[in-house]
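Some notes on the structure that comes next.
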Amino acid sequence: MTNASTNPGDRVLYGCMGLGGSWDPEPYGPADIDAAEAAVVAALDSGITAFDHADIYRHGKAEAVFGEVLARIPGLRERITIQTKCGIRLGDADRPGMYDLRGDSITRRVEESLTRLRTDVIDVLLLHRPDPLADVDEMASALTSLHRQGLVRGFGVSNMGAAQIAHLQARLDVPLVANQLEMSLHSRAWVEAGVLLNTEESTRNGFPFGTLEHCRDHGIRLQAWGALAQGRFTGREETPAERATAALLTELARKKDTTPESVLLWWLMRHPAAIAPVIGSARPERIRACADATLREPELTHEEWYELWIAARGVPLP
């Protein structure tokens, strides 16, 4: 069963969290729109055609400046995939931050995102984080209504495990197509959960076991947020393991005539689950450094993939 996208431009997503200026409700300005356009153009030049948003990014300003970019570049909307998320409410002076996946809240947040993005339809809507108080039947009803109205083409989740996904899918006729999780050479719980069974290390691994397998069996595309590990292996190394991994990345990049950033993303993409990394830098040069992850197949051997994993662990495999 395969619901996941096979469009080469969707193999890597550009994460728009860094667009829109400051992390507060203050209005964005012309410089913020210019910076967003530069980032979007860099992503397009790198072969990326899928753009990942959330309604909370920069208090909605990330979506809004992206809508401004769409207005500046004729025909761009028809060339790209827009994905956004809802379900987190930022705190303010009157209430704490919380999760909210009530049906009417989902509908309202989607309508607000459509307005900010200046588009008639969202290609993929992800539920950002689980809401313990949400009624799953109410959630499914809201999603079904959005789909029938033509406001959202497809749905997915973020930060959810296999049981939560199955619980929702059982009530939803439209297939869930994506699960976005923190996954990188630094955040390795997703891969180590499958090999640490029957070891003491397993007690410190909180990744929901079986989630990768469930997603692969049901055609749910795994998307990796934090894929570049916040630069831990490409410029801001702090530990001996990070420094050793950075040196290995540099050597592999030289050997394969690419960049350390592309090798880092290849490490995720080399996994049989066909993981789609989300890169979140707002710097055009950093975005372009990832181009080979989109334009070339992952060029890591079995042995090289393991060398990177073991270097990042800093200790041998069990």
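Naming scheme: A, B, ... for chains in displayed order of the structure tokens; residues 1 onward per chain; ligands 1 onward as shown.
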For the contact check between segment 177-243 of chain A and segment 293-307 of chain A, emit one row per residue of segment 177-243 of chain A within 12 Å, containing the shortest atom pair and the distance in Å rounded to one decimal, counting only C-alpha atoms, chain then rising number order, as JSON lines.
{"residue": "A:Leu185", "atom": "CA", "partner": "A:Trp305", "partner_atom": "CA", "distance": 10.3}
{"residue": "A:Val191", "atom": "CA", "partner": "A:Tyr306", "partner_atom": "CA", "distance": 11.7}
{"residue": "A:Ala227", "atom": "CA", "partner": "A:Ala293", "partner_atom": "CA", "distance": 11.7}
{"residue": "A:Leu228", "atom": "CA", "partner": "A:Ala293", "partner_atom": "CA", "distance": 11.8}
Requested write-out: N, CA and C atoms of the selected residues, as a PDB file, in the first residue's frame:
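The resulting again-v7.pdb:
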ATOM      1  N   LEU A 185      20.627  12.334  12.710  1.00  0.00           N
ATOM      2  CA  LEU A 185      21.773  11.577  13.204  1.00  0.00           C
ATOM      3  C   LEU A 185      22.027  11.892  14.672  1.00  0.00           C
ATOM      4  N   VAL A 191      15.562   5.116  15.215  1.00  0.00           N
ATOM      5  CA  VAL A 191      16.260   3.963  14.644  1.00  0.00           C
ATOM      6  C   VAL A 191      16.763   3.029  15.738  1.00  0.00           C
ATOM      7  N   ALA A 227      16.117  17.671  10.857  1.00  0.00           N
ATOM      8  CA  ALA A 227      16.963  16.735  10.108  1.00  0.00           C
ATOM      9  C   ALA A 227      18.437  17.128  10.096  1.00  0.00           C
ATOM     10  N   LEU A 228      18.731  18.422  10.155  1.00  0.00           N
ATOM     11  CA  LEU A 228      20.131  18.886  10.146  1.00  0.00           C
ATOM     12  C   LEU A 228      20.720  18.961  11.546  1.00  0.00           C
TER      13      LEU A 228
END
(request) Can you list, as number ranges by chain, all residues belonging to segment 54-291 of chain A that DSSP tags as strand (DSSP E or B)? (result) A: 81-86, 88-89, 98-99, 122-127, 152-158, 176-182, 221-225, 276-279
(request) Identify, with DSSP run on backbone atoms, the residues in segment 90-200 of chain A assigned to alpha helix (DSSP H), and express the list as a VMD selection string. (result) chain A and resid 103 to 117 136 to 148 162 to 169 189 to 192
Just-selected residues, C-alpha atoms written as a CSV table (one decimal), in the first residue's frame:
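This is the output file part07.csv:
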chain,number,residue,atom,x,y,z
A,103,GLY,CA,-13.3,19.9,15.7
A,104,ASP,CA,-14.3,23.6,15.5
A,105,SER,CA,-10.8,24.6,16.4
A,106,ILE,CA,-9.3,22.5,13.5
A,107,THR,CA,-11.8,24.1,11.1
A,108,ARG,CA,-11.1,27.6,12.2
A,109,ARG,CA,-7.3,27.2,12.2
A,110,VAL,CA,-7.4,25.9,8.6
A,111,GLU,CA,-9.5,28.8,7.4
A,112,GLU,CA,-7.0,31.2,9.0
A,113,SER,CA,-4.1,29.4,7.4
A,114,LEU,CA,-5.8,29.6,4.0
A,115,THR,CA,-6.2,33.3,4.4
A,116,ARG,CA,-2.6,33.9,5.5
A,117,LEU,CA,-1.2,31.7,2.7
A,136,VAL,CA,-11.2,11.3,17.9
A,137,ASP,CA,-14.6,11.0,16.2
A,138,GLU,CA,-15.0,14.8,16.3
A,139,MET,CA,-11.5,15.2,14.9
A,140,ALA,CA,-12.3,12.8,12.0
A,141,SER,CA,-15.6,14.5,11.3
A,142,ALA,CA,-13.8,17.9,11.0
A,143,LEU,CA,-11.1,16.5,8.7
A,144,THR,CA,-13.7,14.8,6.5
A,145,SER,CA,-15.7,18.0,6.2
A,146,LEU,CA,-12.6,20.0,5.2
A,147,HIS,CA,-11.8,17.3,2.5
A,148,ARG,CA,-15.3,17.3,1.1
A,162,ALA,CA,1.5,3.8,15.7
A,163,ALA,CA,-1.5,3.3,18.0
A,164,GLN,CA,-2.6,6.9,17.9
A,165,ILE,CA,-2.4,6.9,14.1
A,166,ALA,CA,-4.4,3.7,13.8
A,167,HIS,CA,-7.0,5.0,16.3
A,168,LEU,CA,-7.6,8.0,14.0
A,169,GLN,CA,-7.4,6.2,10.7
A,189,ALA,CA,15.6,7.2,19.1
A,190,TRP,CA,13.6,6.3,16.0
A,191,VAL,CA,16.3,4.0,14.6
A,192,GLU,CA,17.7,2.7,17.9
(message) One number please: atom CA of Ile122 of chain A to atom CA of Leu268 of chain A, in Å, one decimal.
(response) 26.5 Å
(message) Report as JSON, numbers by chain all protein, DNA and RNA residues lying within 12 Å of Ile220 of chain A, evaluated on only C-alpha atoms, omitting residues in the same chain fewer than 5 positions from it.
(response) {"A": [1, 2, 3, 4, 5, 154, 155, 156, 157, 158, 160, 161, 162, 165, 166, 169, 175, 176, 177, 178, 179, 180, 211, 212, 213, 214, 215, 273, 274, 275, 276]}
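Taking only C-alpha atoms, the non-local environment of Asp292 of chain A within 8 Å (same-chain residues fewer than 6 positions away omitted) comprises Ser46, Thr258, Thr259 and Ser262 of chain A.
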Just the selected residues (N, CA and C atoms), exported as a PDB file, in the first residue's frame, please.
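Once everything was written out, this is result32.pdb:
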ATOM      1  N   SER A  46      17.219  24.401  -5.452  1.00  0.00           N
ATOM      2  CA  SER A  46      17.777  23.141  -4.958  1.00  0.00           C
ATOM      3  C   SER A  46      16.878  21.949  -5.266  1.00  0.00           C
ATOM      4  N   THR A 258      30.290  16.366  -2.645  1.00  0.00           N
ATOM      5  CA  THR A 258      29.064  17.009  -2.207  1.00  0.00           C
ATOM      6  C   THR A 258      29.351  17.769  -0.923  1.00  0.00           C
ATOM      7  N   THR A 259      28.320  18.121  -0.174  1.00  0.00           N
ATOM      8  CA  THR A 259      28.473  18.880   1.061  1.00  0.00           C
ATOM      9  C   THR A 259      28.191  17.996   2.274  1.00  0.00           C
ATOM     10  N   SER A 262      24.432  17.566   2.778  1.00  0.00           N
ATOM     11  CA  SER A 262      23.768  16.562   1.937  1.00  0.00           C
ATOM     12  C   SER A 262      24.036  15.154   2.441  1.00  0.00           C
TER      13      SER A 262
END
(request) Have a look at A:Asp45, A:Asp32, A:Asp217, A:Asp94 and name the one nearest to Ile287 of chain A; count only C-alpha atoms. (result) A:Asp45
(request) State, in Å with one decimal place, the distance from atom CA of Pro25 of chain A to atom CA of Pro130 of chain A. (result)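 Computing the Euclidean distance for atom CA of Pro25 of chain A and atom CA of Pro130 of chain A yields 24.8 Å.
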(message) I'd like to know which of A:Lys85, A:Arg11, A:His53, A:Lys61 is closest to Ile33 of chain A, using only C-alpha atoms.
(response) A:Lys61
(request) Find the residues around Asp24 of chain A up to 12 Å (only C-alpha atoms counted), leave out those fewer than 3 positions away in its own chain, and share them as a PyMOL selection string. (result) chain A and resi 20-21+27-28+56-62+90-92
Could you list, as a compact mmCIF listing (two decimals) with all heavy atoms, in the first residue's frame, every residue within 7 Å of Ile88 of chain A, counting only C-alpha atoms and ignoring same-chain residues fewer than 3 positions away?
# COMPACT_ATOMS: atom_id res chain seq x y z
N MET A 98 -1.15 25.30 25.03
CA MET A 98 -1.87 24.03 25.14
C MET A 98 -2.04 23.41 23.75
O MET A 98 -1.70 24.02 22.74
CB MET A 98 -3.25 24.25 25.78
CG MET A 98 -4.18 25.12 24.96
SD MET A 98 -5.78 25.43 25.77
CE MET A 98 -5.27 26.58 27.04
N TYR A 99 -2.57 22.20 23.73
CA TYR A 99 -2.91 21.53 22.49
C TYR A 99 -4.44 21.60 22.33
O TYR A 99 -5.18 21.51 23.31
CB TYR A 99 -2.44 20.09 22.49
CG TYR A 99 -0.96 19.95 22.80
CD1 TYR A 99 -0.50 18.95 23.64
CD2 TYR A 99 -0.05 20.85 22.27
CE1 TYR A 99 0.86 18.83 23.92
CE2 TYR A 99 1.30 20.75 22.56
CZ TYR A 99 1.75 19.74 23.39
OH TYR A 99 3.08 19.64 23.68
N ASP A 100 -4.89 21.74 21.10
CA ASP A 100 -6.32 21.91 20.85
C ASP A 100 -6.68 21.30 19.51
O ASP A 100 -6.47 21.90 18.46
CB ASP A 100 -6.69 23.40 20.89
CG ASP A 100 -8.20 23.63 20.79
OD1 ASP A 100 -8.94 22.65 20.61
OD2 ASP A 100 -8.61 24.80 20.89
N HIS A 128 -0.64 18.69 14.63
CA HIS A 128 0.72 19.02 15.07
C HIS A 128 1.19 18.17 16.25
O HIS A 128 2.32 17.68 16.25
CB HIS A 128 0.78 20.50 15.43
CG HIS A 128 2.13 21.10 15.28
ND1 HIS A 128 2.33 22.45 15.14
CD2 HIS A 128 3.37 20.55 15.25
CE1 HIS A 128 3.63 22.71 15.03
NE2 HIS A 128 4.27 21.57 15.10
N ARG A 129 0.38 18.04 17.27
CA ARG A 129 0.69 17.19 18.42
C ARG A 129 -0.61 16.61 18.97
O ARG A 129 -1.67 17.23 18.84
CB ARG A 129 1.42 17.98 19.51
CG ARG A 129 2.90 18.20 19.23
CD ARG A 129 3.66 18.67 20.45
NE ARG A 129 5.08 18.86 20.15
CZ ARG A 129 6.00 17.91 20.20
NH1 ARG A 129 5.65 16.68 20.54
NH2 ARG A 129 7.26 18.18 19.90
(request) Show which residues sit within 10 Å of segment 230-237 of chain A, as a PyMOL selection string. Count only C-alpha atoms, and ignore same-chain residues fewer than 5 positions away. (result) chain A and resi 184-186+242-250+259-261+264+279-281+312
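If you measure from each of A:Ala282, A:Ile73, A:Ser202, A:Arg79 to Ala38 of chain A using only C-alpha atoms, the closest one turns out to be A:Ala282.
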(message) Between A:Glu63, A:Gly29, A:Val263, A:Val69, which residue has the minimum interatomic distance to Val41 of chain A, considering only C-alpha atoms?
(response) A:Val69
